[in-house]
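S.K.: Questions regarding the structure given below will be posed in turn.
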Amino acid sequence: MSMEKQRTYALVGTGGCGKTSLAEMLLFQAGIINRLGAIEEGTAALDYEPEEIKRRGSIQPGFASFDWNDCHHNLIDIPGDANFSGDIDWLLAAADSAVVVVDAVDGVRPQMRRVWKSVKAAGLPVIAVVTKMDRERADFDGALNSLTQQLGVRPVVFYLPILENEQFVGLVDVFAGKALRFGENGATTEMPIPAELEDEAILLRDTSVENIASSDEDLMNSYLEEGTLTEEEIALGLRKGVVSGEIVPVLVASSVNNTGGRRLLNEINALMPSPADRPAVLGKDASELAADPEGPATCLVFRSMNDAFSGQVNMVRVLSGTISSDSTLKNMRTGEMERLGSLIYVNGKNQTPCKDVLGPGAIVGVAKLKSTRTGDTLGEEKSSFEAELPELPAQLISFALAPKQKGDEDKVFAAVQKLLDEDVTLKLSRDEETGDVLISGMGQLHIEISVEKARRRSKVDIELKAPKIPYRETVRGKVQVQGRHKKQSGGRGQFGDCWIEMEGLPRGAGYQFEDGIVGGVIPRQYIPAIDKGIQESAARGYLAGCPVVDFKVRVYDGSYHTVDSSEMAFKMAGSIAFKAAMAQLKTVLLEPVVQMTVTIPDEYMGDVIGDLSSRRGKVLGSDSQGGLTELKVYVPMSEVLRYAPDLRSMTGGQGTFTMEFDHYEEAPQPVVDKVVAAYEAAKAAE
């Protein structure tokens, strides 16, 4: 099919707004599925993972390819829950346009601002669909107003819903000036426009024509001269305005009742851009690549999936040139050549072999690539073009992973590693200090469901625990103590004797060791052993098992035995001296403090600052711009381990944050008591 007949678009919206149900209706109308499934029953075509069926919502993007009239459609259903849409910017990079789905009951929810920001950043043309018109309390006017007020769109209303006894029974076609009643399978028959909607339909048409004229200078001149636009000018202005992003058509639908789907598909054909209408793709070296079927074959790998039968399936978008199952392309990241082999049309969990030659705009699955992963660019051997992708958001929360059975550490690591291959918003790391294997993601639910998926696929029991807080200990004061190790057990004994002076240092000074021995009272070769014994004991801690930092030790006296002294004996002496000093000095627990940057809509600033204060946070400053406030805050790490869901709840899903370790501060006594009690309980349980 020619490039001009390709339509590649993403369904976007907030969680629970009806995107997947809308996709279900489109697939049914296109003949891809023969029965209209339901999310509530766990039968939706694009929500097929057991975890999606269980929670009645999408946790990963869904894909579908189908023909409608004379166009080929490539659909990407992007999850609305912020836990599972961290890679939305990469998914939108594979689309030419977006269908924004708005719930007729709730309108544009606050969380939609985050999604809309990504759509605008990608520069995608938009059609809006007000769905769930079958629901009680459905309010088309309220949903329309929220589109303009919350998102600032310039709407062009195509259809008004007709309600009879609060039932969604038909549409008023605003531009055609006629009414349509729904029949079987989404079909319509003409009916008179209800009297109560006649004036509103006329007003909406006039307003829409004016909005269309405003999107183009020539059309505006014609509108001012004639007072209206011809049908041809309206059609031309509509597509031009949609492609340029100046106007947003608004349609209505009820996915459950299978109404409105055909009209949406028709408008996607008529108004949405083809790859030829879109700007060139930018490369990492600032080069550009146009969507040209005669150009060099180039593909973007924008998502990977794990399939029980095909293994890893990479979803690719053809950017330029053409590809087929015989194509061999170079991975620009690794330099390796990859034979595409089996191309797959993906429709939810169903896969169909693709025998076609595919050009720009096509989306297809590719199985069994050797070393290709999400974000890679595949191109011809002599090409150097590598697509520039938006930066992904930082992970917001971390948990420690542990196997239920000892010895299964490698199995756990391998199971989670497979998840990382398909979900780029997950991160796996190891805390070198605590030894914890950490999994980081976009929220607690994201991590819990990801681990649930790993358990199911790999048949390994995995436990999630809050990561250990890297507390530190330090000392105040100054003391002189002896460390003496003497042991005689027949034959050669062990003897090491040292006097040390130990004192606390300012925060961040680290550990300092000074050799103050004179006169050879301790031979030179034993001094490093004393240092090592002190450092090893300091690493094990004294008060709560946390490393001791910011202190100085000077060894200034001691004695030795010509036969029984050894490096091991003096290492023991150093350890004994350190413990004796700690017993006499004042021990202080230090807690890590992070610097957070919290970005929130202005209206939530009071609530968020109050919450941060309750977490012992110190606001360093704020900057407000464009309705958003950016707060810089110091907060103890222990207070914000699970901050993401709390911030999301406080701000209706609109708040975001980043954090990084900044410094250590002395912990208050209640925190000290809690940490020491936990340490002693853990020791008692060993």
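Ligands are numbered from 1 in the order shown, residues from 1 within each chain, and chains are lettered A, B, ... in the order they appear in the structure tokens.
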Give me the residues within 8 Å of segment 237-253 of chain A as a short mmCIF file (atom, residue, chain, number, x, y, z; two decimals) with N, CA and C atoms, in the first residue's frame, counting only C-alpha atoms and dropping any in the same chain fewer than 3 places off.

M.R.:
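This is the output file part05.cif:
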```cif
data_model
loop_
_atom_site.label_atom_id
_atom_site.label_comp_id
_atom_site.auth_asym_id
_atom_site.auth_seq_id
_atom_site.Cartn_x
_atom_site.Cartn_y
_atom_site.Cartn_z
N GLY A 123 4.79 16.78 18.64
CA GLY A 123 4.27 17.52 17.49
C GLY A 123 3.22 16.75 16.71
N LEU A 124 2.39 15.97 17.40
CA LEU A 124 1.43 15.11 16.70
C LEU A 124 0.08 15.80 16.49
N PRO A 125 -0.49 15.69 15.29
CA PRO A 125 -1.88 16.10 15.07
C PRO A 125 -2.81 15.23 15.89
N VAL A 126 -3.99 15.79 16.24
CA VAL A 126 -4.87 15.11 17.19
C VAL A 126 -6.32 15.11 16.72
N ILE A 127 -6.99 13.97 16.94
CA ILE A 127 -8.45 13.89 16.93
C ILE A 127 -8.86 13.52 18.34
N ALA A 128 -9.89 14.19 18.88
CA ALA A 128 -10.39 13.87 20.21
C ALA A 128 -11.69 13.09 20.10
N VAL A 129 -11.86 12.09 20.95
CA VAL A 129 -13.08 11.30 20.98
C VAL A 129 -13.63 11.31 22.40
N VAL A 130 -14.86 11.79 22.53
CA VAL A 130 -15.55 11.72 23.82
C VAL A 130 -16.28 10.38 23.86
N THR A 131 -15.80 9.50 24.72
CA THR A 131 -16.34 8.15 24.75
C THR A 131 -17.13 7.91 26.04
N LYS A 132 -17.64 6.71 26.19
CA LYS A 132 -18.50 6.34 27.32
C LYS A 132 -19.80 7.16 27.35
N MET A 133 -20.32 7.51 26.17
CA MET A 133 -21.58 8.25 26.12
C MET A 133 -22.76 7.42 26.60
N VAL A 153 -7.21 23.38 23.61
CA VAL A 153 -7.34 23.03 22.19
C VAL A 153 -8.39 23.92 21.53
N ARG A 154 -8.28 24.05 20.21
CA ARG A 154 -9.30 24.74 19.42
C ARG A 154 -10.16 23.65 18.78
N PRO A 155 -11.33 23.35 19.38
CA PRO A 155 -12.10 22.20 18.92
C PRO A 155 -12.97 22.50 17.70
N VAL A 156 -13.14 21.50 16.89
CA VAL A 156 -14.12 21.53 15.80
C VAL A 156 -15.05 20.34 16.04
N VAL A 157 -16.27 20.63 16.51
CA VAL A 157 -17.20 19.57 16.88
C VAL A 157 -17.87 19.01 15.63
N PHE A 158 -17.67 17.71 15.39
CA PHE A 158 -18.27 17.05 14.23
C PHE A 158 -19.67 16.54 14.52
N TYR A 159 -19.87 16.04 15.75
CA TYR A 159 -21.14 15.38 16.06
C TYR A 159 -21.63 15.78 17.45
N LEU A 160 -22.92 15.93 17.57
CA LEU A 160 -23.58 16.11 18.86
C LEU A 160 -24.29 14.81 19.22
N PRO A 161 -24.17 14.35 20.46
CA PRO A 161 -24.88 13.12 20.84
C PRO A 161 -26.38 13.38 21.00
N ASN A 211 -13.37 28.50 13.24
CA ASN A 211 -12.10 27.92 13.69
C ASN A 211 -11.29 27.36 12.54
N ILE A 212 -11.98 26.73 11.58
CA ILE A 212 -11.29 26.20 10.39
C ILE A 212 -10.68 27.34 9.59
N ALA A 213 -11.45 28.42 9.40
CA ALA A 213 -10.95 29.56 8.64
C ALA A 213 -9.74 30.20 9.33
N SER A 215 -7.42 28.86 10.86
CA SER A 215 -6.19 28.06 10.79
C SER A 215 -5.41 28.28 9.49
N ASP A 216 -5.97 29.08 8.56
CA ASP A 216 -5.30 29.29 7.27
C ASP A 216 -5.61 30.70 6.77
N LEU A 219 -8.02 30.87 3.69
CA LEU A 219 -9.39 30.54 4.08
C LEU A 219 -10.01 31.68 4.89
N GLU A 233 -13.84 24.00 0.60
CA GLU A 233 -12.92 24.76 1.46
C GLU A 233 -12.91 24.20 2.88
N ILE A 234 -14.09 23.79 3.37
CA ILE A 234 -14.15 23.20 4.71
C ILE A 234 -13.32 21.91 4.77
N ASN A 258 -20.90 -0.20 20.69
CA ASN A 258 -20.39 -0.33 19.32
C ASN A 258 -20.92 0.79 18.42
N THR A 259 -20.89 2.03 18.93
CA THR A 259 -21.38 3.17 18.15
C THR A 259 -20.31 4.24 18.06
N GLY A 260 -20.13 4.78 16.87
CA GLY A 260 -19.16 5.84 16.65
C GLY A 260 -17.84 5.37 16.09
N GLY A 261 -17.62 4.05 16.05
CA GLY A 261 -16.33 3.53 15.58
C GLY A 261 -16.10 3.75 14.10
N LEU A 264 -15.19 7.36 13.37
CA LEU A 264 -13.82 7.66 13.76
C LEU A 264 -12.83 7.14 12.72
N ALA A 270 -9.60 10.37 6.47
CA ALA A 270 -9.74 11.65 5.77
C ALA A 270 -8.83 12.74 6.30
N LEU A 271 -8.59 12.76 7.62
CA LEU A 271 -7.94 13.92 8.23
C LEU A 271 -6.54 13.67 8.77
N MET A 272 -6.26 12.47 9.22
CA MET A 272 -4.96 12.23 9.85
C MET A 272 -3.85 12.19 8.81
N PRO A 273 -2.64 12.58 9.20
CA PRO A 273 -1.54 12.65 8.23
C PRO A 273 -1.00 11.28 7.87
N ASP A 277 3.23 13.49 5.20
CA ASP A 277 2.83 14.80 5.73
C ASP A 277 3.62 15.20 6.97
#
```

S.K.: Give me the segment 443-485 of chain A side of the contact with segment 59-66 of chain A, cut-off 12 Å, one line per residue showing its nearest atom pair and distance in Å at one decimal, counting only C-alpha atoms, sorted by chain and residue number, as CSV.

M.R.:
```
residue,atom,partner,partner_atom,distance
A:Leu445,CA,A:Ile59,CA,9.9
A:His446,CA,A:Ile59,CA,8.2
A:Ile447,CA,A:Ile59,CA,11.2
A:Glu448,CA,A:Ile59,CA,11.6
A:Ile449,CA,A:Ile59,CA,8.4
A:Ser450,CA,A:Ile59,CA,9.1
A:Lys453,CA,A:Ile59,CA,10.7
```

S.K.: One decimal, in Å: what's the spacing between atom CA of Ser324 of chain A and atom CA of His72 of chain A?

M.R.: 16.9 Å

S.K.: From the DSSP assignment of the backbone, select every residue of segment 139-275 of chain A that is strand (DSSP E), and format the answer as a count of residues only.

M.R.: 30

S.K.: Tell me, which residues of segment 162-328 of chain A carry DSSP alpha helix (DSSP H), written as a ChimeraX atom specification?

M.R.: /A:195-214,217-226,231-244,261-271
